[in-house]
4 protein chains.
Amino acid sequence: MSLAIGIDIGGTKVLGGVVAEDGTVVASHRIATPATDVAAIRTVIVDLVRRLSAAHEVIAVGIGAAGWIDATRSTVQFSPNLAWRHEPLREGLSRDIDVPVVVENDANVAMWAEYRYGAARGVNNTALFTVGTGIGGGLISDGRLVRGAHGVAAEFGHVRVVPDGIECGCGRRGCLEQYASGTALVREAKRLASCDEERAVKLLELAGGDPNGVDGPMVTEAARDGDPVALAAFAHIGTNLGSALIDLVQVADPEIIVIGGGVVNAGDLLLDPIREHYGQAMGARGELQFAQIKAAQMGANAGLVGAADLARQ
Amino acid sequence: MSLAIGIDIGGTKVLGGVVAEDGTVVASHRIATPATDVAAIRTVIVDLVRRLSAAHEVIAVGIGAAGWIDATRSTVQFSPNLAWRHEPLREGLSRDIDVPVVVENDANVAMWAEYRYGAARGVNNTALFTVGTGIGGGLISDGRLVRGAHGVAAEFGHVRVVPDGIECGCGRRGCLEQYASGTALVREAKRLASCDEERAVKLLELAGGDPNGVDGPMVTEAARDGDPVALAAFAHIGTNLGSALIDLVQVADPEIIVIGGGVVNAGDLLLDPIREHYGQAMGARGELQFAQIKAAQMGANAGLVGAADLARQ
Amino acid sequence: MSLAIGIDIGGTKVLGGVVAEDGTVVASHRIATPATDVAAIRTVIVDLVRRLSAAHEVIAVGIGAAGWIDATRSTVQFSPNLAWRHEPLREGLSRDIDVPVVVENDANVAMWAEYRYGAARGVNNTALFTVGTGIGGGLISDGRLVRGAHGVAAEFGHVRVVPDGIECGCGRRGCLEQYASGTALVREAKRLASCDEERAVKLLELAGGDPNGVDGPMVTEAARDGDPVALAAFAHIGTNLGSALIDLVQVADPEIIVIGGGVVNAGDLLLDPIREHYGQAMGARGELQFAQIKAAQMGANAGLVGAADLARQ
Amino acid sequence: MSLAIGIDIGGTKVLGGVVAEDGTVVASHRIATPATDVAAIRTVIVDLVRRLSAAHEVIAVGIGAAGWIDATRSTVQFSPNLAWRHEPLREGLSRDIDVPVVVENDANVAMWAEYRYGAARGVNNTALFTVGTGIGGGLISDGRLVRGAHGVAAEFGHVRVVPDGIECGCGRRGCLEQYASGTALVREAKRLASCDEERAVKLLELAGGDPNGVDGPMVTEAARDGDPVALAAFAHIGTNLGSALIDLVQVADPEIIVIGGGVVNAGDLLLDPIREHYGQAMGARGELQFAQIKAAQMGANAGLVGAADLARQ
């Protein structure tokens, strides 16, 4: 049985694990992320690999990180959370790690985990939207990750849903990330609660009476209690996500679209408005089949499991 | 040298050719399309294949047609121009043709021709937008056509560019096809000429004074002469295409995007507004490289050359 | 007690009545509209006036008609339903009618009726949206009709709600009339029923199974029965109307906005989505008061009552 | 000859003047605004009135201030720049000033000045858009200011131009103020300069190389020099203003629309894109006349001249 190590580098913690061919995590360990110190991140990774490979023989190491990774899976061009800028990560690690190392985008490894072991197991054409602070994406065509010419395909957070809309950090206006991320959910809930205090009773109660005190878990809790303003905020992001999913169906025609990321923990509060908007538009296709929408299944281990398996391929 | 036959089935004519491995068309022939008669179309194809294979030994036949082709490249689910509905075309032809036959979407075969011999020669991640009466698309990831789970990927004409916009034949509102096809070019030119007769002097002169008499060639000719209303109509479709190209870059990260179809004959009248809108948004990526935009190079033979070569693969 | 005659010229019938100062219709009569014959329309009006004034002494005649009436209330510049083009209607009638005659836009007279005797009685700042085949409007500021410099103010159907949206007969794209009229209601219901046949059970049953057979009364009936697609069509027009109402509040700050026209017969099916969208946005004003929304109260006599009373002023 | 005092209360200075019936400013004086101290503002006003009325006999005092003034022109409900909240300003001043006092919105008084002595002199149906840090408005129908039921009509900055667009301080999304004010001009210029550094040469030179250093005068200067990015920023706000102007024409049908505020100092840089967008849409009206667009003529004295004259009415 061939084992591989997966490393999932988040903004606050680095999670490492030894992963078997069937996706089982045999051992794992986590360390806080020294986000601003490039040398220290490298040391943390090497330490994790040494610790995990002490007790297990591994054949490869896969690393998943947010950011733009080049098409050769070696260099991190840019990472939003970490100090990496044009960081030749694979080369740097190869001096200290004596099995092959590959670096992948975090949403790509999560996509791979869902494809190999999760919600899209064995489905050769599939896509993943991760809905968290921002929006990430992964895309598999014919059983292979679509990485693109420069390694930055499947950036679903930056397709446009609103012409002339809210400015995005990427420089463009109206990106999906501004209308369908967890950040957008909270912003919309704050805005609606300010406008409509009488209807936002439950949400404002949770927020101590101040619309600006609203956070994501409060929106979910209030929506579960039927707060109309919290439900409207979920409808806002769900409708926009639904629209982006339809556009992806036109471009990539997947069999399954997986919704992951922290916000999907809200379950049908998020999925219902997606499905409603999506189903309405897709219905026009008549008999022609189109993608099903499913919630992600791999949970917090998606990153390390996907990274390990991709390294093993 | 291995030869293959390509058949390009258009709304008015069926074009067949014998294609060499280097993309050369060794022989070709055309017959009018009996669009409404399913049996007659099949007969036309078989006749073309017999005529072309009489003088050349061919190893395969590839057929390109507008419409939804299933993922096994056998059945035409639906064709906008022809009488086919769930037509098992490959099976029907295989009785009379004794080399392998494959059926492909018309924009897919044009994409393949550009990838193998044209504007995107040897570029493993590339896309094609065909801008004609409608808008079609083709997408190549890692050297392979993206066909999708149900055979209908790369339907770029049906991504949304305007929320709540003009209704499309597909049932959705605001599709690219309604804002960037040749049909949209003419509609916009008519609308603007009605509103602004004083500035549309040249265009109205060509149209005999009646905005409703405007057609596509008139818009191109008037735009070449500097007619501000005709130029505004090109800016309208170019800006919308530019926006759709940016979205495709986010999803697929190609190295080259090829613009084909009849409207690209207008050259920079079409390409300049695309590039302007596209460049503005893409500039924000800084050093990160992104797709170049090129005009198609394969001309009227793109369909048969691509179909033949795909059949040979 | 001073009496006046009001004449309401519709596309199919001309309705005339003698109206008392308290808004009571003392006598009335109707004649079919000879829509394409300019001389015949004038004869019909004169006949109605003679017949009505035979038994009642009247001091003025007011005429309401769809179209652009000039600022002096004399000439019909253009009428969508009738053959009038630059028709000097008042001058033509004055030869045969010996009391003063004024001509007014049909929505203006309906607004005046609601202001004097109906839903906005005594409210000096008020507006009317008529939602029928198209959308008309009336506006009263400080107790006076806002007619504008050229007589064509309060054309609420032609404010823009969707940038780059559906083309309007007026030459612009995205006008309210394309998104919130009875015509828009039916178009949206047809589109949704085509896309979503499974959910449109009731609506399709009424339409004999064919989405294209849907008409306005069917949408209302299906919505009353809870058909989700019919309700979505009402939500579509209600949301767009709500948005236009908010814009009007910003411009004119009325105390009451009256919703009239045939579609308002659907009652809360129409008013609820208007109020929901409107209330959400208006809530942000906090303590500052803003316009209430009310259904029209004057019914089918609005036109003649308003025309008569305006003539008397 | 009857004289009146006008007081224009800005965020940084209070400007007072004695104004003759022909609009001449006979005497004037300015004092810094004690913006956060309600009692001190009142004292400043009273001091100005005493000083100005010492040498001139005046019959009334008019005060213009940014904010929501109630319909009786007595109370400032809310002011964005000053500490007033439900401030009974007229009552407070009447103890110390023995001629009649009225309080008006700042854009209303500027509108009145243009109507009486400026760009819309003698034009009974007219409107003013002030384009500065924010966007204000004034509207005159039939020779009378449209104040609305609650005193807050003509808030043109808060009509919607972009559905789901940028959030506005007012709680709504997509308000004109976010797309067409001086603030929007600078924001758009910064965004474009970040995206397109190569084309923004002149603008970045003025800003010391940093897109975030761009301010309004730099955008105007760079646009005068032909910088394409600065011109695009003016086109952005001009197109959006043009669209809002068309909507106002539909609602109020003015004879002249005046553009004032600090940004209009850029002259045709601002007016050309407004006129282009506006003219295109208005052309569809054919022979029917519509509003002309003019630059404001009253300059820095508009506020005090308008306030004085309104008080005198």
# chains A, B, ... in the order shown; residues from 1 in each chain; ligands from 1

$ interface_residues --of "chain C" --to "chain B" --cutoff "7 Å" --atoms "only C-alpha atoms" --output "list in words"
Val162, Asp164, Gly165, Ile166, Gly171, Arg191 and Cys195 of chain C

$ residues_around --residues "Pro273 of chain D" --least-positions-apart "3" --cutoff "7 Å" --atoms "only C-alpha atoms" --output "VMD selection string"
chain D and resid 235 238 to 239 270 276 to 277

$ select_by_dssp --residues "segment 93-173 of chain D" --states "strand (DSSP E or B)" --output "list of chain:residue names"
D:Val101, D:Val102, D:Val103, D:Glu104, D:Asn105, D:Thr126, D:Ala127, D:Leu128, D:Phe129, D:Thr130, D:Val131, D:Ile135, D:Gly136, D:Gly137, D:Gly138, D:Leu139, D:Ile140, D:Ser141, D:Arg144, D:Leu145, D:Arg160, D:Glu167, D:Arg173

$ residues_around --residues "segment 56-67 of chain C" --least-positions-apart "4" --cutoff "6 Å" --atoms "only C-alpha atoms" --output "list of chain:residue names"
C:Leu3, C:Ala4, C:Ile5, C:Gly6, C:Ile7, C:Asp8, C:Ile9, C:Phe78, C:Ser79, C:Val99, C:Pro100, C:Val101, C:Val102, C:Val103, C:Glu104, C:Asn105, C:Asp106, C:Ala307, C:Ala308, C:Ala311, C:Arg312

$ atom_distance --atom1 "atom CA of Ser74 of chain C" --atom2 "atom CA of Thr33 of chain C"
20.2 Å

$ residues_around --residues "Arg147 of chain B" --least-positions-apart "3" --cutoff "8 Å" --atoms "only C-alpha atoms" --output "ChimeraX atom specification"
/A:252-253 /B:71,150-154

$ residues_around --residues "Phe234 of chain B" --least-positions-apart "5" --cutoff "12 Å" --atoms "only C-alpha atoms" --output "MDAnalysis selection string"
chainID B and resid 179:189 192 216 219:224 226:229 239:242 263:264 266:274

$ atom_distance --atom1 "atom CA of Thr130 of chain A" --atom2 "atom CA of Gly136 of chain B"
28.9 Å

$ residues_around --residues "Gly23 of chain C" --least-positions-apart "4" --cutoff "9 Å" --atoms "only C-alpha atoms" --output "list of chain:residue names"
C:Val19, C:Ala113, C:Arg116, C:Tyr117, C:Val305, C:Gly306, C:Ala308, C:Asp309

$ write_last_selection --atoms "all heavy atoms" --output "PDB file, in the first residue's frame"
ATOM      1  N   VAL C  19     -70.383  64.865 -14.772  1.00  0.00           N
ATOM      2  CA  VAL C  19     -69.812  64.676 -13.448  1.00  0.00           C
ATOM      3  C   VAL C  19     -70.086  65.888 -12.570  1.00  0.00           C
ATOM      4  O   VAL C  19     -69.862  67.030 -12.977  1.00  0.00           O
ATOM      5  CB  VAL C  19     -68.287  64.444 -13.552  1.00  0.00           C
ATOM      6  CG1 VAL C  19     -67.680  64.181 -12.185  1.00  0.00           C
ATOM      7  CG2 VAL C  19     -67.989  63.279 -14.497  1.00  0.00           C
ATOM      8  N   ALA C 113     -58.379  62.198 -10.761  1.00  0.00           N
ATOM      9  CA  ALA C 113     -59.554  61.591 -10.127  1.00  0.00           C
ATOM     10  C   ALA C 113     -59.196  60.994  -8.763  1.00  0.00           C
ATOM     11  O   ALA C 113     -59.927  61.156  -7.780  1.00  0.00           O
ATOM     12  CB  ALA C 113     -60.145  60.520 -11.046  1.00  0.00           C
ATOM     13  N   ARG C 116     -58.628  63.881  -6.314  1.00  0.00           N
ATOM     14  CA  ARG C 116     -59.799  64.633  -5.914  1.00  0.00           C
ATOM     15  C   ARG C 116     -60.799  63.792  -5.128  1.00  0.00           C
ATOM     16  O   ARG C 116     -61.421  64.273  -4.182  1.00  0.00           O
ATOM     17  CB  ARG C 116     -60.479  65.210  -7.164  1.00  0.00           C
ATOM     18  CG  ARG C 116     -59.679  66.325  -7.804  1.00  0.00           C
ATOM     19  CD  ARG C 116     -59.896  67.642  -7.104  1.00  0.00           C
ATOM     20  NE  ARG C 116     -61.282  68.089  -7.356  1.00  0.00           N
ATOM     21  CZ  ARG C 116     -61.935  68.973  -6.594  1.00  0.00           C
ATOM     22  NH1 ARG C 116     -61.338  69.492  -5.528  1.00  0.00           N
ATOM     23  NH2 ARG C 116     -63.157  69.309  -6.880  1.00  0.00           N
ATOM     24  N   TYR C 117     -60.944  62.498  -5.517  1.00  0.00           N
ATOM     25  CA  TYR C 117     -62.042  61.704  -4.948  1.00  0.00           C
ATOM     26  C   TYR C 117     -61.634  60.308  -4.515  1.00  0.00           C
ATOM     27  O   TYR C 117     -62.464  59.572  -3.992  1.00  0.00           O
ATOM     28  CB  TYR C 117     -63.162  61.557  -6.003  1.00  0.00           C
ATOM     29  CG  TYR C 117     -63.572  62.845  -6.652  1.00  0.00           C
ATOM     30  CD1 TYR C 117     -63.264  63.117  -7.976  1.00  0.00           C
ATOM     31  CD2 TYR C 117     -64.276  63.828  -5.933  1.00  0.00           C
ATOM     32  CE1 TYR C 117     -63.633  64.308  -8.582  1.00  0.00           C
ATOM     33  CE2 TYR C 117     -64.642  65.024  -6.531  1.00  0.00           C
ATOM     34  CZ  TYR C 117     -64.326  65.264  -7.861  1.00  0.00           C
ATOM     35  OH  TYR C 117     -64.699  66.443  -8.446  1.00  0.00           O
ATOM     36  N   VAL C 305     -64.197  60.979 -14.827  1.00  0.00           N
ATOM     37  CA  VAL C 305     -64.348  61.842 -13.650  1.00  0.00           C
ATOM     38  C   VAL C 305     -63.182  62.828 -13.566  1.00  0.00           C
ATOM     39  O   VAL C 305     -63.367  64.030 -13.339  1.00  0.00           O
ATOM     40  CB  VAL C 305     -64.439  60.987 -12.366  1.00  0.00           C
ATOM     41  CG1 VAL C 305     -64.368  61.880 -11.121  1.00  0.00           C
ATOM     42  CG2 VAL C 305     -65.725  60.169 -12.362  1.00  0.00           C
ATOM     43  N   GLY C 306     -61.954  62.317 -13.769  1.00  0.00           N
ATOM     44  CA  GLY C 306     -60.792  63.203 -13.695  1.00  0.00           C
ATOM     45  C   GLY C 306     -60.805  64.239 -14.797  1.00  0.00           C
ATOM     46  O   GLY C 306     -60.514  65.420 -14.562  1.00  0.00           O
ATOM     47  N   ALA C 308     -63.383  65.457 -16.419  1.00  0.00           N
ATOM     48  CA  ALA C 308     -64.427  66.453 -16.166  1.00  0.00           C
ATOM     49  C   ALA C 308     -63.979  67.459 -15.112  1.00  0.00           C
ATOM     50  O   ALA C 308     -64.109  68.682 -15.279  1.00  0.00           O
ATOM     51  CB  ALA C 308     -65.715  65.755 -15.711  1.00  0.00           C
ATOM     52  N   ASP C 309     -63.394  66.943 -14.021  1.00  0.00           N
ATOM     53  CA  ASP C 309     -63.025  67.857 -12.939  1.00  0.00           C
ATOM     54  C   ASP C 309     -61.869  68.778 -13.337  1.00  0.00           C
ATOM     55  O   ASP C 309     -61.830  69.944 -12.946  1.00  0.00           O
ATOM     56  CB  ASP C 309     -62.680  67.063 -11.682  1.00  0.00           C
ATOM     57  CG  ASP C 309     -62.640  67.978 -10.480  1.00  0.00           C
ATOM     58  OD1 ASP C 309     -63.707  68.539 -10.143  1.00  0.00           O
ATOM     59  OD2 ASP C 309     -61.542  68.207  -9.934  1.00  0.00           O
TER      60      ASP C 309
END
